[in-house]
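Next up, my_file_39.cif (mmCIF, C-alpha atoms):
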```cif
data_model
#
loop_
_atom_site.group_PDB
_atom_site.id
_atom_site.type_symbol
_atom_site.label_atom_id
_atom_site.label_comp_id
_atom_site.auth_asym_id
_atom_site.auth_seq_id
_atom_site.Cartn_x
_atom_site.Cartn_y
_atom_site.Cartn_z
ATOM 1 C CA MET A 415 -60.626 151.066 -68.860
ATOM 2 C CA THR A 416 -60.015 155.457 -68.055
ATOM 3 C CA SER A 417 -60.019 157.095 -64.587
ATOM 4 C CA THR A 418 -63.558 157.331 -63.617
ATOM 5 C CA VAL A 419 -62.291 154.084 -63.069
ATOM 6 C CA LYS A 420 -61.561 151.925 -66.004
ATOM 7 C CA SER A 421 -64.749 153.650 -66.228
ATOM 8 C CA THR A 422 -67.038 152.765 -63.358
ATOM 9 C CA TRP A 423 -68.056 149.402 -63.749
ATOM 10 C CA SER A 424 -69.571 146.156 -62.674
ATOM 11 C CA SER A 425 -71.614 144.160 -65.116
ATOM 12 C CA THR A 426 -75.062 145.575 -64.670
ATOM 13 C CA ARG A 427 -77.903 143.343 -65.716
ATOM 14 C CA GLN A 428 -81.666 142.985 -65.731
ATOM 15 C CA ARG A 429 -83.640 144.440 -62.889
ATOM 16 C CA GLY A 430 -80.726 145.552 -60.750
ATOM 17 C CA ALA A 431 -78.917 147.331 -63.551
ATOM 18 C CA ALA A 432 -79.698 150.877 -62.478
ATOM 19 C CA ALA A 433 -79.083 150.189 -58.798
ATOM 20 C CA VAL A 434 -75.781 148.498 -59.437
ATOM 21 C CA ALA A 435 -74.615 151.245 -61.753
ATOM 22 C CA LEU A 436 -75.454 153.912 -59.208
ATOM 23 C CA ALA A 437 -73.771 151.996 -56.418
ATOM 24 C CA VAL A 438 -70.613 151.499 -58.404
ATOM 25 C CA ALA A 439 -70.540 155.109 -59.515
ATOM 26 C CA ALA A 440 -70.916 156.238 -55.920
ATOM 27 C CA THR A 441 -68.104 153.967 -54.821
ATOM 28 C CA LEU A 442 -65.804 155.254 -57.517
ATOM 29 C CA VAL A 443 -66.594 158.864 -56.831
ATOM 30 C CA ALA A 444 -65.883 158.233 -53.171
ATOM 31 C CA GLY A 445 -62.615 156.553 -54.061
ATOM 32 C CA CYS A 446 -61.566 159.406 -56.293
ATOM 33 C CA GLY A 447 -62.485 161.955 -53.703
ATOM 34 C CA SER A 448 -60.366 160.217 -51.111
ATOM 35 C CA SER A 449 -57.320 160.395 -53.324
ATOM 36 C CA SER A 450 -57.697 164.008 -54.373
ATOM 37 C CA ASP A 451 -60.157 166.061 -52.419
ATOM 38 C CA ASP A 452 -58.982 169.342 -53.905
ATOM 39 C CA THR A 453 -59.147 168.584 -57.631
ATOM 40 C CA ALA A 454 -61.416 165.578 -58.066
ATOM 41 C CA ASP A 455 -64.355 167.773 -59.033
ATOM 42 C CA ASN A 456 -62.407 169.358 -61.886
ATOM 43 C CA PRO A 457 -59.579 167.175 -63.188
ATOM 44 C CA LEU A 458 -58.860 169.583 -66.023
ATOM 45 C CA ALA A 459 -58.330 172.542 -63.715
ATOM 46 C CA GLU A 460 -54.980 174.269 -63.957
ATOM 47 C CA GLY A 461 -52.428 172.819 -61.586
ATOM 48 C CA THR A 462 -51.799 174.604 -58.331
ATOM 49 C CA SER A 463 -48.249 173.282 -58.047
ATOM 50 C CA ASP A 464 -45.687 175.572 -56.470
ATOM 51 C CA GLY A 465 -42.909 173.758 -58.273
ATOM 52 C CA LYS A 466 -42.507 171.234 -55.483
ATOM 53 C CA THR A 467 -45.872 169.501 -55.715
ATOM 54 C CA VAL A 468 -46.029 166.454 -57.957
ATOM 55 C CA VAL A 469 -49.351 166.223 -59.791
ATOM 56 C CA VAL A 470 -50.407 162.607 -60.340
ATOM 57 C CA GLY A 471 -53.098 162.157 -62.956
ATOM 58 C CA SER A 472 -55.114 159.234 -64.235
ATOM 59 C CA ASN A 473 -57.243 158.351 -67.205
ATOM 60 C CA ASN A 474 -60.947 157.752 -66.742
ATOM 61 C CA PHE A 475 -61.021 154.063 -65.850
ATOM 62 C CA PRO A 476 -60.675 152.190 -62.549
ATOM 63 C CA GLU A 477 -57.283 150.594 -63.018
ATOM 64 C CA SER A 478 -55.716 153.911 -63.972
ATOM 65 C CA ILE A 479 -57.147 155.513 -60.833
ATOM 66 C CA LEU A 480 -55.813 152.652 -58.725
ATOM 67 C CA LEU A 481 -52.342 152.910 -60.300
ATOM 68 C CA ALA A 482 -52.328 156.676 -59.806
ATOM 69 C CA ASP A 483 -53.127 156.152 -56.134
ATOM 70 C CA ILE A 484 -50.294 153.619 -55.883
ATOM 71 C CA TYR A 485 -47.869 156.060 -57.498
ATOM 72 C CA GLY A 486 -49.041 158.980 -55.417
ATOM 73 C CA GLU A 487 -48.865 157.161 -52.101
ATOM 74 C CA ALA A 488 -45.425 155.761 -52.965
ATOM 75 C CA LEU A 489 -44.259 159.327 -53.606
ATOM 76 C CA LYS A 490 -45.814 160.560 -50.372
ATOM 77 C CA ALA A 491 -43.921 157.841 -48.509
ATOM 78 C CA LYS A 492 -40.739 159.588 -49.654
ATOM 79 C CA GLY A 493 -41.906 162.928 -48.298
ATOM 80 C CA ILE A 494 -42.977 164.301 -51.682
ATOM 81 C CA GLU A 495 -46.029 166.561 -51.798
ATOM 82 C CA VAL A 496 -48.670 165.099 -54.095
ATOM 83 C CA GLU A 497 -51.787 166.489 -55.720
ATOM 84 C CA TYR A 498 -54.179 164.145 -57.563
ATOM 85 C CA LYS A 499 -56.042 164.803 -60.814
ATOM 86 C CA PRO A 500 -58.105 161.657 -61.404
ATOM 87 C CA ASN A 501 -60.671 160.875 -64.080
ATOM 88 C CA ILE A 502 -59.170 163.155 -66.709
ATOM 89 C CA GLY A 503 -60.178 161.266 -69.829
ATOM 90 C CA SER A 504 -58.512 159.314 -72.609
ATOM 91 C CA ARG A 505 -54.917 159.466 -73.825
ATOM 92 C CA GLU A 506 -55.917 162.028 -76.412
ATOM 93 C CA THR A 507 -56.504 164.436 -73.504
ATOM 94 C CA THR A 508 -53.948 163.354 -70.911
ATOM 95 C CA TYR A 509 -50.983 163.448 -73.265
ATOM 96 C CA GLY A 510 -51.498 167.154 -73.872
ATOM 97 C CA LEU A 511 -51.711 167.840 -70.144
ATOM 98 C CA MET A 512 -48.470 165.936 -69.641
ATOM 99 C CA LYS A 513 -46.697 167.963 -72.335
ATOM 100 C CA ASN A 514 -47.625 171.291 -70.799
ATOM 101 C CA GLY A 515 -46.718 170.177 -67.284
ATOM 102 C CA THR A 516 -50.234 170.347 -65.853
ATOM 103 C CA VAL A 517 -49.753 166.683 -64.899
ATOM 104 C CA THR A 518 -46.384 165.407 -63.648
ATOM 105 C CA VAL A 519 -46.948 161.653 -63.438
ATOM 106 C CA LEU A 520 -49.410 159.428 -65.275
ATOM 107 C CA PRO A 521 -49.811 155.633 -65.282
ATOM 108 C CA GLU A 522 -49.320 154.520 -68.884
ATOM 109 C CA TYR A 523 -49.141 151.309 -70.897
ATOM 110 C CA ASN A 524 -45.994 151.323 -73.003
ATOM 111 C CA GLY A 525 -47.249 149.595 -76.153
ATOM 112 C CA SER A 526 -50.545 151.445 -76.158
ATOM 113 C CA LEU A 527 -48.701 154.738 -75.857
ATOM 114 C CA LEU A 528 -46.418 153.767 -78.748
ATOM 115 C CA ALA A 529 -49.440 152.849 -80.866
ATOM 116 C CA TYR A 530 -50.788 156.350 -80.180
ATOM 117 C CA LEU A 531 -47.506 158.096 -80.984
ATOM 118 C CA ALA A 532 -46.351 155.921 -83.897
ATOM 119 C CA PRO A 533 -49.026 153.401 -84.907
ATOM 120 C CA ASP A 534 -46.927 151.673 -87.566
ATOM 121 C CA THR A 535 -44.010 150.872 -85.274
ATOM 122 C CA GLU A 536 -43.458 147.148 -84.783
ATOM 123 C CA GLN A 537 -43.517 145.979 -81.180
ATOM 124 C CA LYS A 538 -41.036 143.180 -80.509
ATOM 125 C CA SER A 539 -40.202 143.466 -76.814
ATOM 126 C CA THR A 540 -40.774 145.628 -73.761
ATOM 127 C CA GLU A 541 -37.311 147.129 -74.142
ATOM 128 C CA SER A 542 -37.696 147.955 -77.829
ATOM 129 C CA VAL A 543 -41.136 149.402 -77.214
ATOM 130 C CA ASN A 544 -39.845 151.661 -74.457
ATOM 131 C CA ALA A 545 -36.945 152.819 -76.604
ATOM 132 C CA ALA A 546 -39.322 153.611 -79.448
ATOM 133 C CA VAL A 547 -41.673 155.507 -77.137
ATOM 134 C CA LYS A 548 -38.826 157.617 -75.751
ATOM 135 C CA ALA A 549 -37.749 158.472 -79.279
ATOM 136 C CA LYS A 550 -41.255 159.707 -80.112
ATOM 137 C CA LEU A 551 -42.158 161.410 -76.841
ATOM 138 C CA ASP A 552 -42.228 165.145 -76.459
ATOM 139 C CA SER A 553 -38.780 166.215 -75.262
ATOM 140 C CA LYS A 554 -40.191 167.314 -71.907
ATOM 141 C CA LEU A 555 -41.436 163.793 -71.134
ATOM 142 C CA THR A 556 -39.860 160.434 -70.378
ATOM 143 C CA LEU A 557 -40.786 156.899 -69.351
ATOM 144 C CA LEU A 558 -39.549 155.287 -66.182
ATOM 145 C CA GLU A 559 -39.048 151.542 -65.767
ATOM 146 C CA SER A 560 -41.884 149.266 -66.879
ATOM 147 C CA ALA A 561 -43.588 146.831 -64.536
ATOM 148 C CA PRO A 562 -43.953 143.166 -65.505
ATOM 149 C CA ALA A 563 -47.702 143.783 -65.102
ATOM 150 C CA GLU A 564 -49.575 144.073 -68.386
ATOM 151 C CA ASP A 565 -53.142 145.057 -69.136
ATOM 152 C CA LYS A 566 -53.949 144.787 -72.817
ATOM 153 C CA ASP A 567 -56.940 145.538 -74.933
ATOM 154 C CA SER A 568 -58.634 142.430 -76.257
ATOM 155 C CA VAL A 569 -61.556 141.385 -78.375
ATOM 156 C CA SER A 570 -63.710 139.320 -76.058
ATOM 157 C CA LEU A 571 -66.945 137.483 -76.753
ATOM 158 C CA ASN A 572 -69.803 136.830 -74.386
ATOM 159 C CA ALA A 573 -70.459 133.212 -73.431
ATOM 160 C CA GLU A 574 -73.546 132.972 -75.641
ATOM 161 C CA THR A 575 -71.694 134.068 -78.765
ATOM 162 C CA ALA A 576 -68.647 131.912 -78.048
ATOM 163 C CA LYS A 577 -70.862 128.858 -77.627
ATOM 164 C CA LYS A 578 -72.860 129.624 -80.783
ATOM 165 C CA TYR A 579 -69.726 129.694 -82.933
ATOM 166 C CA ASN A 580 -67.741 127.056 -81.013
ATOM 167 C CA LEU A 581 -65.033 129.507 -79.981
ATOM 168 C CA THR A 582 -62.884 129.010 -76.873
ATOM 169 C CA ALA A 583 -59.993 130.660 -75.062
ATOM 170 C CA GLN A 584 -57.738 128.907 -77.578
ATOM 171 C CA SER A 585 -59.453 130.596 -80.530
ATOM 172 C CA THR A 586 -57.826 133.555 -82.250
ATOM 173 C CA LEU A 587 -58.981 136.758 -83.852
ATOM 174 C CA ALA A 588 -58.450 135.109 -87.227
ATOM 175 C CA ASP A 589 -61.289 132.736 -86.354
ATOM 176 C CA LEU A 590 -63.687 135.697 -86.505
ATOM 177 C CA LYS A 591 -63.104 136.527 -90.165
ATOM 178 C CA ASP A 592 -66.198 134.749 -91.472
ATOM 179 C CA ILE A 593 -68.240 135.496 -88.359
ATOM 180 C CA ALA A 594 -67.527 139.215 -87.854
ATOM 181 C CA PRO A 595 -70.173 140.417 -90.363
ATOM 182 C CA GLU A 596 -72.804 138.905 -88.048
ATOM 183 C CA LEU A 597 -71.480 140.573 -84.894
ATOM 184 C CA VAL A 598 -71.851 143.987 -83.289
ATOM 185 C CA ILE A 599 -68.655 145.049 -81.549
ATOM 186 C CA GLY A 600 -68.507 147.610 -78.763
ATOM 187 C CA GLY A 601 -65.834 149.785 -77.198
ATOM 188 C CA SER A 602 -64.798 153.345 -76.492
ATOM 189 C CA PRO A 603 -65.352 155.896 -79.266
ATOM 190 C CA GLU A 604 -61.570 155.965 -79.771
ATOM 191 C CA PHE A 605 -61.512 152.212 -80.459
ATOM 192 C CA GLN A 606 -63.255 152.920 -83.756
ATOM 193 C CA THR A 607 -60.426 155.131 -85.036
ATOM 194 C CA ARG A 608 -57.299 153.607 -83.486
ATOM 195 C CA HIS A 609 -54.930 151.165 -85.130
ATOM 196 C CA GLN A 610 -55.228 149.139 -81.921
ATOM 197 C CA GLY A 611 -58.935 148.975 -82.650
ATOM 198 C CA LEU A 612 -61.193 148.552 -85.668
ATOM 199 C CA ILE A 613 -58.598 149.866 -88.116
ATOM 200 C CA GLY A 614 -56.006 147.312 -87.070
ATOM 201 C CA LEU A 615 -58.537 144.497 -86.772
ATOM 202 C CA GLU A 616 -59.458 144.986 -90.411
ATOM 203 C CA LYS A 617 -55.892 145.541 -91.604
ATOM 204 C CA GLU A 618 -54.304 142.650 -89.703
ATOM 205 C CA TYR A 619 -57.148 140.119 -89.576
ATOM 206 C CA GLY A 620 -59.579 141.195 -92.280
ATOM 207 C CA LEU A 621 -62.368 141.672 -89.734
ATOM 208 C CA LYS A 622 -65.369 143.696 -90.843
ATOM 209 C CA PHE A 623 -68.050 143.763 -88.183
ATOM 210 C CA LYS A 624 -71.769 144.231 -88.720
ATOM 211 C CA SER A 625 -71.587 147.505 -86.790
ATOM 212 C CA PHE A 626 -69.781 149.336 -84.001
ATOM 213 C CA LYS A 627 -71.452 150.549 -80.816
ATOM 214 C CA ALA A 628 -69.699 153.393 -78.984
ATOM 215 C CA LEU A 629 -69.696 152.643 -75.257
ATOM 216 C CA ASP A 630 -66.883 153.291 -72.791
ATOM 217 C CA ALA A 631 -63.290 152.157 -72.290
ATOM 218 C CA GLY A 632 -63.873 148.643 -71.011
ATOM 219 C CA GLY A 633 -66.133 149.974 -68.287
ATOM 220 C CA PRO A 634 -69.687 149.366 -67.067
ATOM 221 C CA LEU A 635 -71.384 150.231 -70.348
ATOM 222 C CA THR A 636 -69.206 147.860 -72.333
ATOM 223 C CA GLN A 637 -69.454 145.088 -69.763
ATOM 224 C CA ALA A 638 -73.231 145.395 -69.495
ATOM 225 C CA ALA A 639 -73.696 145.502 -73.266
ATOM 226 C CA LEU A 640 -71.576 142.387 -73.722
ATOM 227 C CA THR A 641 -73.300 140.567 -70.863
ATOM 228 C CA LYS A 642 -76.775 141.411 -72.207
ATOM 229 C CA ASN A 643 -75.757 140.563 -75.781
ATOM 230 C CA THR A 644 -76.397 144.100 -76.999
ATOM 231 C CA VAL A 645 -72.957 143.624 -78.489
ATOM 232 C CA GLN A 646 -71.512 140.183 -79.127
ATOM 233 C CA ALA A 647 -67.861 141.257 -79.072
ATOM 234 C CA ALA A 648 -66.164 144.059 -77.168
ATOM 235 C CA ASP A 649 -62.874 145.651 -76.243
ATOM 236 C CA ILE A 650 -62.269 144.309 -72.734
ATOM 237 C CA PHE A 651 -59.039 144.761 -70.797
ATOM 238 C CA THR A 652 -57.205 141.550 -69.973
ATOM 239 C CA THR A 653 -56.992 142.259 -66.230
ATOM 240 C CA ASP A 654 -60.724 142.909 -66.016
ATOM 241 C CA PRO A 655 -62.211 140.656 -63.286
ATOM 242 C CA THR A 656 -65.522 140.475 -65.137
ATOM 243 C CA ILE A 657 -63.899 138.183 -67.728
ATOM 244 C CA THR A 658 -63.949 135.412 -65.159
ATOM 245 C CA LYS A 659 -67.170 136.488 -63.509
ATOM 246 C CA GLU A 660 -69.188 136.628 -66.737
ATOM 247 C CA LYS A 661 -67.302 133.838 -68.576
ATOM 248 C CA PHE A 662 -66.238 136.118 -71.412
ATOM 249 C CA VAL A 663 -63.957 134.447 -73.955
ATOM 250 C CA VAL A 664 -60.796 136.433 -74.747
ATOM 251 C CA LEU A 665 -59.564 135.722 -78.253
ATOM 252 C CA LYS A 666 -55.841 135.276 -78.817
ATOM 253 C CA ASP A 667 -53.963 137.868 -80.846
ATOM 254 C CA PRO A 668 -51.215 135.956 -82.719
ATOM 255 C CA LYS A 669 -50.265 138.986 -84.835
ATOM 256 C CA ASN A 670 -49.777 141.026 -81.667
ATOM 257 C CA LEU A 671 -52.085 143.824 -82.821
ATOM 258 C CA PHE A 672 -52.585 144.913 -79.238
ATOM 259 C CA GLY A 673 -48.840 144.808 -78.687
ATOM 260 C CA PHE A 674 -47.261 145.195 -75.301
ATOM 261 C CA ALA A 675 -49.051 146.881 -72.453
ATOM 262 C CA ASN A 676 -46.662 146.993 -69.524
ATOM 263 C CA VAL A 677 -47.701 149.410 -66.797
ATOM 264 C CA THR A 678 -45.176 152.240 -67.012
ATOM 265 C CA PRO A 679 -44.979 155.688 -65.368
ATOM 266 C CA LEU A 680 -44.988 158.572 -67.847
ATOM 267 C CA VAL A 681 -43.241 161.576 -66.315
ATOM 268 C CA TYR A 682 -42.813 165.287 -66.945
ATOM 269 C CA LYS A 683 -39.042 165.471 -66.522
ATOM 270 C CA ASP A 684 -38.716 168.772 -64.687
ATOM 271 C CA GLY A 685 -41.474 167.956 -62.216
ATOM 272 C CA LEU A 686 -40.158 164.827 -60.484
ATOM 273 C CA PRO A 687 -37.081 164.705 -58.217
ATOM 274 C CA GLN A 688 -34.724 161.725 -58.214
ATOM 275 C CA GLU A 689 -36.234 160.281 -55.044
ATOM 276 C CA GLY A 690 -39.579 160.265 -56.838
ATOM 277 C CA ILE A 691 -38.095 158.459 -59.831
ATOM 278 C CA ASP A 692 -36.582 155.862 -57.509
ATOM 279 C CA ALA A 693 -39.902 155.424 -55.690
ATOM 280 C CA LEU A 694 -41.853 154.789 -58.900
ATOM 281 C CA ASN A 695 -39.229 152.428 -60.269
ATOM 282 C CA ALA A 696 -39.483 150.483 -56.999
ATOM 283 C CA VAL A 697 -43.248 150.194 -57.549
ATOM 284 C CA SER A 698 -42.713 148.868 -61.066
ATOM 285 C CA ALA A 699 -40.288 146.237 -59.805
ATOM 286 C CA LYS A 700 -42.954 144.811 -57.467
ATOM 287 C CA LEU A 701 -46.031 144.936 -59.712
ATOM 288 C CA ASP A 702 -46.836 141.870 -61.827
ATOM 289 C CA THR A 703 -49.979 140.943 -63.748
ATOM 290 C CA LYS A 704 -51.297 138.547 -61.115
ATOM 291 C CA THR A 705 -50.979 141.234 -58.466
ATOM 292 C CA LEU A 706 -52.653 143.816 -60.669
ATOM 293 C CA LEU A 707 -55.595 141.503 -61.334
ATOM 294 C CA ASP A 708 -55.970 140.927 -57.596
ATOM 295 C CA LEU A 709 -55.901 144.659 -56.864
ATOM 296 C CA ASP A 710 -58.380 145.334 -59.683
ATOM 297 C CA THR A 711 -60.688 142.672 -58.275
ATOM 298 C CA GLN A 712 -60.678 144.349 -54.867
ATOM 299 C CA VAL A 713 -61.636 147.679 -56.404
ATOM 300 C CA GLN A 714 -63.981 146.609 -59.151
ATOM 301 C CA LEU A 715 -65.789 143.605 -57.730
ATOM 302 C CA GLU A 716 -65.394 144.031 -53.979
ATOM 303 C CA ASN A 717 -66.054 147.798 -54.175
ATOM 304 C CA LYS A 718 -63.072 148.753 -52.047
ATOM 305 C CA ASP A 719 -61.749 152.297 -52.167
ATOM 306 C CA PRO A 720 -58.796 152.322 -54.621
ATOM 307 C CA LEU A 721 -56.812 154.558 -52.273
ATOM 308 C CA ASP A 722 -57.194 152.036 -49.437
ATOM 309 C CA VAL A 723 -56.219 149.196 -51.766
ATOM 310 C CA ALA A 724 -53.168 151.147 -52.928
ATOM 311 C CA LYS A 725 -52.021 151.864 -49.385
ATOM 312 C CA ALA A 726 -52.491 148.266 -48.268
ATOM 313 C CA TRP A 727 -50.516 146.882 -51.199
ATOM 314 C CA LEU A 728 -47.658 149.337 -50.762
ATOM 315 C CA ALA A 729 -47.460 148.354 -47.106
ATOM 316 C CA SER A 730 -47.452 144.649 -48.019
ATOM 317 C CA VAL A 731 -44.381 145.098 -50.251
ATOM 318 C CA GLY A 732 -42.536 147.498 -47.954
ATOM 319 C CA LEU A 733 -42.970 150.635 -50.062
ATOM 320 C CA ASN A 734 -44.916 152.678 -47.545
#
```
For the structure just supplied, provide its representation as structure tokens.
Amino acid sequence: MTSTVKSTWSSTRQRGAAAVALAVAATLVAGCGSSSDDTADNPLAEGTSDGKTVVVGSNNFPESILLADIYGEALKAKGIEVEYKPNIGSRETTYGLMKNGTVTVLPEYNGSLLAYLAPDTEQKSTESVNAAVKAKLDSKLTLLESAPAEDKDSVSLNAETAKKYNLTAQSTLADLKDIAPELVIGGSPEFQTRHQGLIGLEKEYGLKFKSFKALDAGGPLTQAALTKNTVQAADIFTTDPTITKEKFVVLKDPKNLFGFANVTPLVYKDGLPQEGIDALNAVSAKLDTKTLLDLDTQVQLENKDPLDVAKAWLASVGLN
């Protein structure tokens, strides 16, 4: 998913593909602009913080943008000055900006971050994952409390492929071992080189696909390719509303390759006051997976501005 909004999305198909893609892109750009008018055009610009401004960044997919808006508005509710840097890119980029203090707060996924920092570390629980992440983080960074909400990577099949091979929501990745050589799998370029990607799929499940198609991080390109059968399998995020809409089949991951993926604020220690820490921990306490899926649906399928969705949810749980 990354901050252009889990990329920009909607499953674009057939004749309306171009129109839908343009409409979604326009909506997302509008949403990003509303949350950070001063830096949206250049998310990699040097921060203009005076030491008191908290810079809230996001990766380039819709859910990350939405979460950044939730964090930012929760901080504003405590009187903290906030600047937004949405749509930055993948973790490979954002982590560096966190280390040098260009970004103060970033929505992260604890297990995914651990897989990036220490790919061979076993993930047994949210608590152990967080402890392991903190041990590997740059000394200037820390994690705050994790939300119950999770959004994991998954290998999902389109309905046509699932039907062809008699696979259902109860099927596992192991069931693909004999089938994978016939399938094209799609995902972000990083998915090809990450342990929580093709490397781990081969190591843990023995999966060797026919080929890999570089698309985006669970966004419109991936969704459209899977819907149109350009790829038969793809990395789709588990809170993606298009799973239900397009009847994608998410395969179970019994070996827990994709680990834990609790939504967790990553923070540059010196940049966030205690009232900001308390505000973000309060957000985490209220955010579960069902809620996150509902908020994602509003943004990604109903084309609502993520900033408006963030404000409405914070108000509904008394954090405004």
**OP:** Find the residues around segment 514-531 of chain A up to 6 Å (all atoms listed in the file counted), leave out those fewer than 2 positions away in its own chain, and share them as a ChimeraX atom specification.
**Re:** /A:461,468-472,511-512,533,547,673-682,685
**OP:** Could you state which residues are captured by the PyMOL selection byres ((chain A and resi 567) around 8) in this file, as a PyMOL selection string?
**Re:** chain A and resi 565-566+568-569+649-652+672
**OP:** Using only C-alpha atoms, pick whichever of A:Thr653, A:Asn572, A:Gln714, A:Gln584 has the shortest atom-to-atom distance to Ala639 of chain A.
**Re:**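 Using only C-alpha atoms, the shortest distance to Ala639 of chain A belongs to A:Asn572.
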Mind checking which residues fall within 12 Å of Thr607 of chain A, counting all atoms listed in the file, ignoring those fewer than 3 positions away in the same chain, and posting them as a PDB file with C-alpha atoms, in the frame of the given file?
```
ATOM      1  CA  GLU A 506     -55.917 162.028 -76.412  1.00  0.00           C
ATOM      2  CA  ALA A 529     -49.440 152.849 -80.866  1.00  0.00           C
ATOM      3  CA  TYR A 530     -50.788 156.350 -80.180  1.00  0.00           C
ATOM      4  CA  PRO A 533     -49.026 153.401 -84.907  1.00  0.00           C
ATOM      5  CA  GLY A 601     -65.834 149.785 -77.198  1.00  0.00           C
ATOM      6  CA  SER A 602     -64.798 153.345 -76.492  1.00  0.00           C
ATOM      7  CA  PRO A 603     -65.352 155.896 -79.266  1.00  0.00           C
ATOM      8  CA  GLU A 604     -61.570 155.965 -79.771  1.00  0.00           C
ATOM      9  CA  GLN A 610     -55.228 149.139 -81.921  1.00  0.00           C
ATOM     10  CA  GLY A 611     -58.935 148.975 -82.650  1.00  0.00           C
ATOM     11  CA  LEU A 612     -61.193 148.552 -85.668  1.00  0.00           C
ATOM     12  CA  ILE A 613     -58.598 149.866 -88.116  1.00  0.00           C
ATOM     13  CA  GLY A 614     -56.006 147.312 -87.070  1.00  0.00           C
ATOM     14  CA  LEU A 615     -58.537 144.497 -86.772  1.00  0.00           C
ATOM     15  CA  GLU A 616     -59.458 144.986 -90.411  1.00  0.00           C
ATOM     16  CA  PHE A 626     -69.781 149.336 -84.001  1.00  0.00           C
ATOM     17  CA  ALA A 628     -69.699 153.393 -78.984  1.00  0.00           C
TER      18      ALA A 628
END
```
Original post:
Could you state the separation of atom CA of Lys624 of chain A and atom CA of Ile599 of chain A in Å, given to one decimal place?
Top reply: 7.9 Å
Residues matched by the PyMOL selection byres ((chain A and resi 718-733) around 6) as a CSV table (one decimal) with C-alpha atoms, in the frame of the given file:
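See part.csv below for the written result:
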```csv
chain,number,residue,atom,x,y,z
A,445,GLY,CA,-62.6,156.6,-54.1
A,449,SER,CA,-57.3,160.4,-53.3
A,480,LEU,CA,-55.8,152.7,-58.7
A,483,ASP,CA,-53.1,156.2,-56.1
A,484,ILE,CA,-50.3,153.6,-55.9
A,712,GLN,CA,-60.7,144.3,-54.9
A,713,VAL,CA,-61.6,147.7,-56.4
A,716,GLU,CA,-65.4,144.0,-54.0
A,717,ASN,CA,-66.1,147.8,-54.2
A,734,ASN,CA,-44.9,152.7,-47.5
```
**OP:** Give me, please, the distance in Å between atom CA of Pro500 of chain A and atom CA of Ala482 of chain A, quoted to one decimal.
**Re:** 7.8 Å
**OP:** Take the PyMOL selection byres ((chain A and resi 699-703) around 6), apply it to the structure above, and return the hits as number ranges by chain.
**Re:** A: 561-564, 696-698, 704-706
**OP:** Using all atoms listed in the file, pick whichever of A:Glu495, A:Glu536, A:Glu618, A:Asp630 has the shortest atom-to-atom distance to Asp667 of chain A.
**Re:**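 Of the candidates, the smallest distance to Asp667 of chain A is held by A:Glu618.
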